[in-house]
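> The structure file upload_34.cif (mmCIF, C-alpha atoms) is provided below.
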```cif
data_structure
loop_
_atom_site.group_PDB
_atom_site.id
_atom_site.type_symbol
_atom_site.label_atom_id
_atom_site.label_comp_id
_atom_site.auth_asym_id
_atom_site.auth_seq_id
_atom_site.Cartn_x
_atom_site.Cartn_y
_atom_site.Cartn_z
ATOM 1 C CA LYS O 1 -63.525 185.306 77.786
ATOM 2 C CA ALA O 2 -66.357 187.771 77.391
ATOM 3 C CA GLY O 3 -66.906 189.117 73.899
ATOM 4 C CA VAL O 4 -67.229 192.665 72.713
ATOM 5 C CA THR O 5 -70.148 194.409 74.387
ATOM 6 C CA GLN O 6 -71.996 197.434 73.111
ATOM 7 C CA THR O 7 -74.493 199.577 74.939
ATOM 8 C CA PRO O 8 -77.205 200.412 74.444
ATOM 9 C CA ARG O 9 -78.434 197.824 71.956
ATOM 10 C CA TYR O 10 -81.263 200.017 70.688
ATOM 11 C CA LEU O 11 -81.707 203.756 70.679
ATOM 12 C CA ILE O 12 -84.341 206.106 69.310
ATOM 13 C CA LYS O 13 -83.512 209.782 68.937
ATOM 14 C CA THR O 14 -84.950 212.761 67.107
ATOM 15 C CA ARG O 15 -83.246 214.975 64.558
ATOM 16 C CA GLY O 16 -80.916 217.516 66.057
ATOM 17 C CA GLN O 17 -80.190 215.533 69.208
ATOM 18 C CA GLN O 18 -76.849 213.995 70.012
ATOM 19 C CA VAL O 19 -76.044 210.430 71.011
ATOM 20 C CA THR O 20 -73.209 208.554 72.688
ATOM 21 C CA LEU O 21 -72.584 204.861 72.069
ATOM 22 C CA SER O 22 -70.298 202.706 74.171
ATOM 23 C CA CYS O 23 -68.088 199.738 73.373
ATOM 24 C CA SER O 24 -66.171 197.487 75.747
ATOM 25 C CA PRO O 25 -63.537 195.412 73.957
ATOM 26 C CA ILE O 26 -62.393 191.917 74.763
ATOM 27 C CA SER O 27 -60.071 191.936 77.745
ATOM 28 C CA GLY O 28 -56.508 192.554 76.604
ATOM 29 C CA HIS O 29 -57.496 194.073 73.274
ATOM 30 C CA ARG O 30 -56.150 197.559 72.744
ATOM 31 C CA SER O 31 -57.624 198.436 69.368
ATOM 32 C CA VAL O 32 -61.231 199.443 68.862
ATOM 33 C CA SER O 33 -62.785 200.204 65.486
ATOM 34 C CA TRP O 34 -66.222 201.552 64.674
ATOM 35 C CA TYR O 35 -68.292 200.851 61.577
ATOM 36 C CA GLN O 36 -71.630 202.093 60.341
ATOM 37 C CA GLN O 37 -73.889 199.596 58.592
ATOM 38 C CA THR O 38 -76.817 200.737 56.439
ATOM 39 C CA PRO O 39 -78.814 198.928 53.748
ATOM 40 C CA GLY O 40 -77.757 201.458 51.122
ATOM 41 C CA GLN O 41 -74.076 201.995 51.889
ATOM 42 C CA GLY O 42 -73.213 198.693 53.528
ATOM 43 C CA LEU O 43 -70.414 198.631 56.088
ATOM 44 C CA GLN O 44 -68.380 201.807 56.294
ATOM 45 C CA PHE O 45 -65.403 202.462 58.520
ATOM 46 C CA LEU O 46 -65.724 205.349 60.963
ATOM 47 C CA PHE O 47 -62.523 205.384 63.024
ATOM 48 C CA GLU O 48 -59.997 203.240 64.847
ATOM 49 C CA TYR O 49 -58.291 203.781 68.179
ATOM 50 C CA PHE O 50 -55.252 202.123 69.656
ATOM 51 C CA SER O 51 -53.983 202.962 73.134
ATOM 52 C CA GLU O 52 -56.200 206.075 73.302
ATOM 53 C CA THR O 53 -54.900 207.437 69.968
ATOM 54 C CA GLN O 54 -56.957 207.690 66.809
ATOM 55 C CA ARG O 55 -54.872 206.005 64.138
ATOM 56 C CA ASN O 56 -57.316 206.148 61.259
ATOM 57 C CA LYS O 57 -60.520 207.919 60.337
ATOM 58 C CA GLY O 58 -63.057 207.204 57.639
ATOM 59 C CA ASN O 59 -64.834 209.665 55.412
ATOM 60 C CA PHE O 60 -67.526 210.931 57.774
ATOM 61 C CA PRO O 61 -68.412 214.501 58.760
ATOM 62 C CA GLY O 62 -67.075 216.063 61.929
ATOM 63 C CA ARG O 63 -70.386 215.370 63.683
ATOM 64 C CA PHE O 64 -69.026 211.881 64.213
ATOM 65 C CA SER O 65 -66.367 211.674 66.875
ATOM 66 C CA GLY O 66 -64.925 209.116 69.194
ATOM 67 C CA ARG O 67 -62.500 208.507 71.978
ATOM 68 C CA GLN O 68 -60.833 205.681 73.801
ATOM 69 C CA PHE O 69 -60.125 205.463 77.491
ATOM 70 C CA SER O 70 -57.116 204.057 79.296
ATOM 71 C CA ASN O 71 -58.973 200.771 79.910
ATOM 72 C CA SER O 72 -59.502 200.488 76.108
ATOM 73 C CA ARG O 73 -63.242 201.102 76.345
ATOM 74 C CA SER O 74 -64.410 203.388 73.584
ATOM 75 C CA GLU O 75 -67.265 205.761 72.958
ATOM 76 C CA MET O 76 -68.501 207.344 69.781
ATOM 77 C CA ASN O 77 -70.605 210.459 69.649
ATOM 78 C CA VAL O 78 -72.846 211.778 66.918
ATOM 79 C CA SER O 79 -74.008 215.355 67.283
ATOM 80 C CA THR O 80 -76.880 217.100 65.499
ATOM 81 C CA LEU O 81 -78.441 213.842 64.373
ATOM 82 C CA GLU O 82 -79.858 213.559 60.870
ATOM 83 C CA LEU O 83 -82.334 211.022 59.515
ATOM 84 C CA GLY O 84 -79.548 209.462 57.475
ATOM 85 C CA ASP O 85 -77.642 208.580 60.634
ATOM 86 C CA SER O 86 -80.122 205.764 61.299
ATOM 87 C CA ALA O 87 -77.979 202.660 61.147
ATOM 88 C CA LEU O 88 -76.455 199.750 62.979
ATOM 89 C CA TYR O 89 -73.213 200.894 64.597
ATOM 90 C CA LEU O 90 -70.740 198.090 65.052
ATOM 91 C CA CYS O 91 -67.695 198.084 67.244
ATOM 92 C CA ALA O 92 -64.794 195.689 66.725
ATOM 93 C CA SER O 93 -61.816 194.996 68.922
ATOM 94 C CA SER O 94 -58.465 193.392 68.238
ATOM 95 C CA LEU O 95 -55.094 193.001 69.845
ATOM 96 C CA GLY O 96 -54.314 195.741 67.427
ATOM 97 C CA ALA O 97 -50.654 196.635 67.279
ATOM 98 C CA SER O 98 -50.132 195.289 63.754
ATOM 99 C CA GLY O 99 -53.404 196.319 62.153
ATOM 100 C CA ALA O 100 -56.022 194.380 60.245
ATOM 101 C CA HIS O 101 -53.642 192.233 58.190
ATOM 102 C CA TYR O 102 -52.557 190.209 61.196
ATOM 103 C CA ASN O 103 -55.027 190.878 63.983
ATOM 104 C CA GLU O 104 -58.487 189.352 63.783
ATOM 105 C CA GLN O 105 -61.257 191.822 64.480
ATOM 106 C CA PHE O 106 -63.979 190.633 66.858
ATOM 107 C CA PHE O 107 -67.305 192.370 66.444
ATOM 108 C CA GLY O 108 -69.932 193.266 68.981
ATOM 109 C CA PRO O 109 -73.683 192.868 68.355
ATOM 110 C CA GLY O 110 -74.074 196.520 67.450
ATOM 111 C CA THR O 111 -76.234 199.428 68.532
ATOM 112 C CA ARG O 112 -79.304 200.021 66.383
ATOM 113 C CA LEU O 113 -79.852 203.793 66.178
ATOM 114 C CA THR O 114 -83.116 205.123 64.800
ATOM 115 C CA VAL O 115 -83.410 208.853 64.145
ATOM 116 C CA LEU O 116 -86.953 210.201 63.828
ATOM 117 C CA GLY Z 1 -57.590 202.032 47.367
ATOM 118 C CA ASN Z 2 -58.084 198.427 48.418
ATOM 119 C CA SER Z 3 -61.592 197.195 47.671
ATOM 120 C CA VAL Z 4 -63.667 194.072 47.141
ATOM 121 C CA THR Z 5 -66.593 193.358 44.870
ATOM 122 C CA GLN Z 6 -68.916 190.509 45.690
ATOM 123 C CA MET Z 7 -71.980 189.132 44.009
ATOM 124 C CA GLU Z 8 -75.225 190.666 45.129
ATOM 125 C CA GLY Z 9 -77.972 188.544 46.563
ATOM 126 C CA PRO Z 10 -80.246 187.363 47.665
ATOM 127 C CA VAL Z 11 -79.219 183.820 46.975
ATOM 128 C CA THR Z 12 -81.821 181.155 47.696
ATOM 129 C CA LEU Z 13 -80.797 177.512 47.817
ATOM 130 C CA SER Z 14 -82.335 174.268 48.911
ATOM 131 C CA GLU Z 15 -80.750 172.387 51.784
ATOM 132 C CA GLU Z 16 -77.728 170.277 50.681
ATOM 133 C CA ALA Z 17 -77.169 172.369 47.556
ATOM 134 C CA PHE Z 18 -73.716 173.638 46.561
ATOM 135 C CA LEU Z 19 -72.906 177.249 47.383
ATOM 136 C CA THR Z 20 -70.588 179.671 45.614
ATOM 137 C CA ILE Z 21 -70.402 183.371 46.466
ATOM 138 C CA ASN Z 22 -68.024 185.266 44.219
ATOM 139 C CA CYS Z 23 -65.593 187.860 45.523
ATOM 140 C CA THR Z 24 -62.900 189.723 43.599
ATOM 141 C CA TYR Z 25 -60.474 192.224 45.032
ATOM 142 C CA THR Z 26 -58.408 195.217 44.000
ATOM 143 C CA ALA Z 27 -55.383 195.883 46.140
ATOM 144 C CA THR Z 28 -51.848 197.111 46.390
ATOM 145 C CA GLY Z 29 -49.684 194.125 47.093
ATOM 146 C CA TYR Z 30 -51.093 190.920 48.533
ATOM 147 C CA PRO Z 31 -53.250 191.682 51.533
ATOM 148 C CA SER Z 32 -54.956 189.181 53.799
ATOM 149 C CA LEU Z 33 -58.485 188.305 52.681
ATOM 150 C CA PHE Z 34 -61.452 187.513 54.891
ATOM 151 C CA TRP Z 35 -64.978 186.176 54.837
ATOM 152 C CA TYR Z 36 -67.284 187.351 57.620
ATOM 153 C CA VAL Z 37 -70.804 186.116 58.355
ATOM 154 C CA GLN Z 38 -73.646 188.025 59.991
ATOM 155 C CA TYR Z 39 -76.574 186.079 61.403
ATOM 156 C CA PRO Z 40 -79.868 187.913 61.914
ATOM 157 C CA GLY Z 41 -79.710 190.391 64.781
ATOM 158 C CA GLU Z 42 -76.023 189.808 65.433
ATOM 159 C CA GLY Z 43 -72.662 191.374 64.703
ATOM 160 C CA LEU Z 44 -70.117 189.970 62.285
ATOM 161 C CA GLN Z 45 -68.133 186.803 62.909
ATOM 162 C CA LEU Z 46 -64.949 185.872 61.110
ATOM 163 C CA LEU Z 47 -65.720 182.792 59.031
ATOM 164 C CA LEU Z 48 -62.326 182.206 57.433
ATOM 165 C CA LYS Z 49 -59.245 184.003 56.215
ATOM 166 C CA ALA Z 50 -56.212 183.587 53.969
ATOM 167 C CA THR Z 51 -53.017 185.544 54.375
ATOM 168 C CA LYS Z 52 -51.138 184.811 51.149
ATOM 169 C CA ALA Z 53 -51.616 183.667 47.569
ATOM 170 C CA ASP Z 54 -52.774 180.040 47.124
ATOM 171 C CA ASP Z 55 -53.744 179.814 50.812
ATOM 172 C CA LYS Z 56 -57.026 178.047 51.431
ATOM 173 C CA GLY Z 57 -59.079 179.185 54.386
ATOM 174 C CA SER Z 58 -61.666 176.781 55.764
ATOM 175 C CA ASN Z 59 -64.155 176.626 58.612
ATOM 176 C CA LYS Z 60 -67.505 174.913 59.281
ATOM 177 C CA GLY Z 61 -67.451 173.307 55.828
ATOM 178 C CA PHE Z 62 -66.839 176.616 54.048
ATOM 179 C CA GLU Z 63 -63.719 177.119 51.951
ATOM 180 C CA ALA Z 64 -62.120 179.929 49.982
ATOM 181 C CA THR Z 65 -58.835 179.986 48.073
ATOM 182 C CA TYR Z 66 -56.735 183.123 47.615
ATOM 183 C CA ARG Z 67 -56.192 183.308 43.814
ATOM 184 C CA LYS Z 68 -53.628 185.922 42.874
ATOM 185 C CA GLU Z 69 -53.939 185.325 39.116
ATOM 186 C CA THR Z 70 -57.678 186.028 39.084
ATOM 187 C CA THR Z 71 -57.687 188.368 42.141
ATOM 188 C CA SER Z 72 -60.484 186.279 43.611
ATOM 189 C CA PHE Z 73 -61.497 184.751 46.932
ATOM 190 C CA HIS Z 74 -64.719 182.894 46.203
ATOM 191 C CA LEU Z 75 -66.594 181.293 49.088
ATOM 192 C CA GLU Z 76 -67.805 177.710 48.622
ATOM 193 C CA LYS Z 77 -69.634 175.067 50.592
ATOM 194 C CA GLY Z 78 -70.500 171.642 49.319
ATOM 195 C CA SER Z 79 -73.780 171.149 51.157
ATOM 196 C CA VAL Z 80 -75.558 174.077 52.786
ATOM 197 C CA GLN Z 81 -77.849 173.807 55.777
ATOM 198 C CA VAL Z 82 -80.787 175.922 56.885
ATOM 199 C CA SER Z 83 -78.582 177.220 59.704
ATOM 200 C CA ASP Z 84 -76.226 178.748 57.099
ATOM 201 C CA SER Z 85 -78.865 181.368 56.256
ATOM 202 C CA ALA Z 86 -77.092 184.665 56.905
ATOM 203 C CA VAL Z 87 -75.361 187.555 55.172
ATOM 204 C CA TYR Z 88 -71.798 186.913 53.999
ATOM 205 C CA PHE Z 89 -69.199 189.650 53.589
ATOM 206 C CA CYS Z 90 -65.891 189.528 51.772
ATOM 207 C CA ALA Z 91 -63.284 191.909 53.236
ATOM 208 C CA LEU Z 92 -59.673 193.021 53.097
ATOM 209 C CA PRO Z 93 -57.558 195.536 55.021
ATOM 210 C CA SER Z 94 -57.699 199.143 53.931
ATOM 211 C CA ASN Z 95 -54.611 200.807 52.503
ATOM 212 C CA SER Z 96 -53.768 202.127 55.965
ATOM 213 C CA GLY Z 97 -54.045 198.610 57.355
ATOM 214 C CA TYR Z 98 -56.046 199.770 60.364
ATOM 215 C CA ALA Z 99 -59.529 199.142 59.001
ATOM 216 C CA LEU Z 100 -61.369 196.556 56.973
ATOM 217 C CA ASN Z 101 -63.047 197.335 53.661
ATOM 218 C CA PHE Z 102 -66.109 195.176 53.128
ATOM 219 C CA GLY Z 103 -68.088 194.131 50.111
ATOM 220 C CA LYS Z 104 -71.805 194.921 49.974
ATOM 221 C CA GLY Z 105 -72.729 191.551 51.437
ATOM 222 C CA THR Z 106 -74.573 188.577 49.972
ATOM 223 C CA SER Z 107 -77.734 187.408 51.658
ATOM 224 C CA LEU Z 108 -78.163 183.628 51.656
ATOM 225 C CA LEU Z 109 -81.441 181.886 52.399
ATOM 226 C CA VAL Z 110 -81.439 178.104 52.643
ATOM 227 C CA THR Z 111 -84.834 176.412 52.513
ATOM 228 C CA PRO Z 112 -85.629 172.926 53.828
#
```
As structure tokens - that is how I would like this structure written.

Amino acid sequence: KAGVTQTPRYLIKTRGQQVTLSCSPISGHRSVSWYQQTPGQGLQFLFEYFSETQRNKGNFPGRFSGRQFSNSRSEMNVSTLELGDSALYLCASSLGASGAHYNEQFFGPGTRLTVL
Amino acid sequence: GNSVTQMEGPVTLSEEAFLTINCTYTATGYPSLFWYVQYPGEGLQLLLKATKADDKGSNKGFEATYRKETTSFHLEKGSVQVSDSAVYFCALPSNSGYALNFGKGTSLLVTP
């Protein structure tokens, strides 16, 4: 079975631009979560989608948004980029119905975003 | 809310040395506990998990025991290899149950 794929793997943007990152979950997985990883803050939860519905959102400004499509693929968008948005953005998929207690999360390799 | 605290690195060990990475948790109830590993340039992989008190998770020679009395889930390996060099994260479900809360990560470097 193919793993979680994320595109693009690397991205360079300038302040004020917007960016869209894509995540394709493992076939059959209906939950997709997004995390931001930075050296200073570590791994922080952005949001989680299950069957096209956002079930949970982390403490990030409204510039960060996401969506999930009917085939479970997900995108996240960051508008008006700031220098502090430079990070590794990780996507994780799981079967999902029961949440993180019971469903293992499988992570993709991440998208490395650099904001100049 | 649910959170974990793990020892900060970096930890440098010689090959075949014994490894312990400490992790303590704060949580409502008795959540599942996880150790994830991140190799350079990669995403996170689940290393092991435990779903209830006194459970021992194990994988690839790594072990961790869910200790309710000390609210701990320390990661151990009896003999580390160079290939174990990575960053290790302790994690547990958030209060909502739909996300994972991670520790800061512990970087491990194993030298020949």
> Using all atoms listed in the file, select each residue of chain O with any atom at most 12 Å away from an atom of chain Z, and give the selection as number ranges by chain.
O: 3-6, 9-10, 31-50, 54-58, 88-112
> For the PyMOL selection byres ((chain Z and resi 73) around 6), applied here, can you spell out every residue it catches as number ranges by chain?
Z: 23, 64-66, 72, 74
> With distances taken over only C-alpha atoms, which residue among Z:Ser79, Z:Leu48, Z:Asp55, Z:Thr12 lies nearest Z:Tyr36?
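For Z:Tyr36, the nearest of the candidates is Z:Leu48.
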> So what do you get for atom CA of Z:Gly61 versus atom CA of Z:Asn2, distance-wise?
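Atom-to-atom, atom CA of Z:Gly61 and atom CA of Z:Asn2 are spaced 27.8 Å apart.
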> Output the residue selection produced by the PyMOL selection byres ((chain O and resi 13-24) around 6) on the file above, formatted as a list in words.
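Answer for the PyMOL selection byres ((chain O and resi 13-24) around 6): Val4, Thr5, Gln6, Thr7, Ile12, Pro25, Arg73, Ser74, Glu75, Met76, Asn77, Val78, Ser79, Thr80, Leu81, Glu82, Val115 and Leu116 of chain O.
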> Using Å and a single decimal, report how far atom CA of Z:Ala53 sits from atom CA of Z:Val4.
15.9 Å
> Quick one, how far is atom CA of Z:Val110 from atom CA of Z:Cys90?
19.3 Å
> Produce the centre coordinates and the three edge lengths, each in Å to one decimal, of the box along x, y and z that contains all listed atoms of stretch 67-86 of chain O with 5 Å added on each side, as JSON.

```
{"center_x": -69.7, "center_y": 208.8, "center_z": 68.7, "size_x": 35.2, "size_y": 26.6, "size_z": 32.4}
```
> Output the residue selection produced by the PyMOL selection byres ((chain Z and resi 10) around 9) on the file above, formatted as a VMD selection string.
chain Z and resid 8 to 9 11 to 12 87 106 to 109
> For a cut-off of 10 Å around (-76.4, 174.9, 46.1), file coordinates, pick out all residues using only C-alpha atoms and list them as a list of chain:residue names.
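Neighbouring residues, ordered by chain and number, come to Z:Val11, Z:Thr12, Z:Leu13, Z:Ser14, Z:Glu15, Z:Glu16, Z:Ala17, Z:Phe18, Z:Leu19, Z:Thr20, Z:Glu76, Z:Lys77, Z:Gly78, Z:Ser79, Z:Val80, Z:Gln81, Z:Val110.
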> Nearest to O:Ser72: which of O:Glu52, O:Ala2, O:Asn59, O:Leu113 is it, counting all atoms listed in the file?
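Checking each of O:Glu52, O:Ala2, O:Asn59, O:Leu113 against O:Ser72, counting all atoms listed in the file, the winner is O:Glu52.
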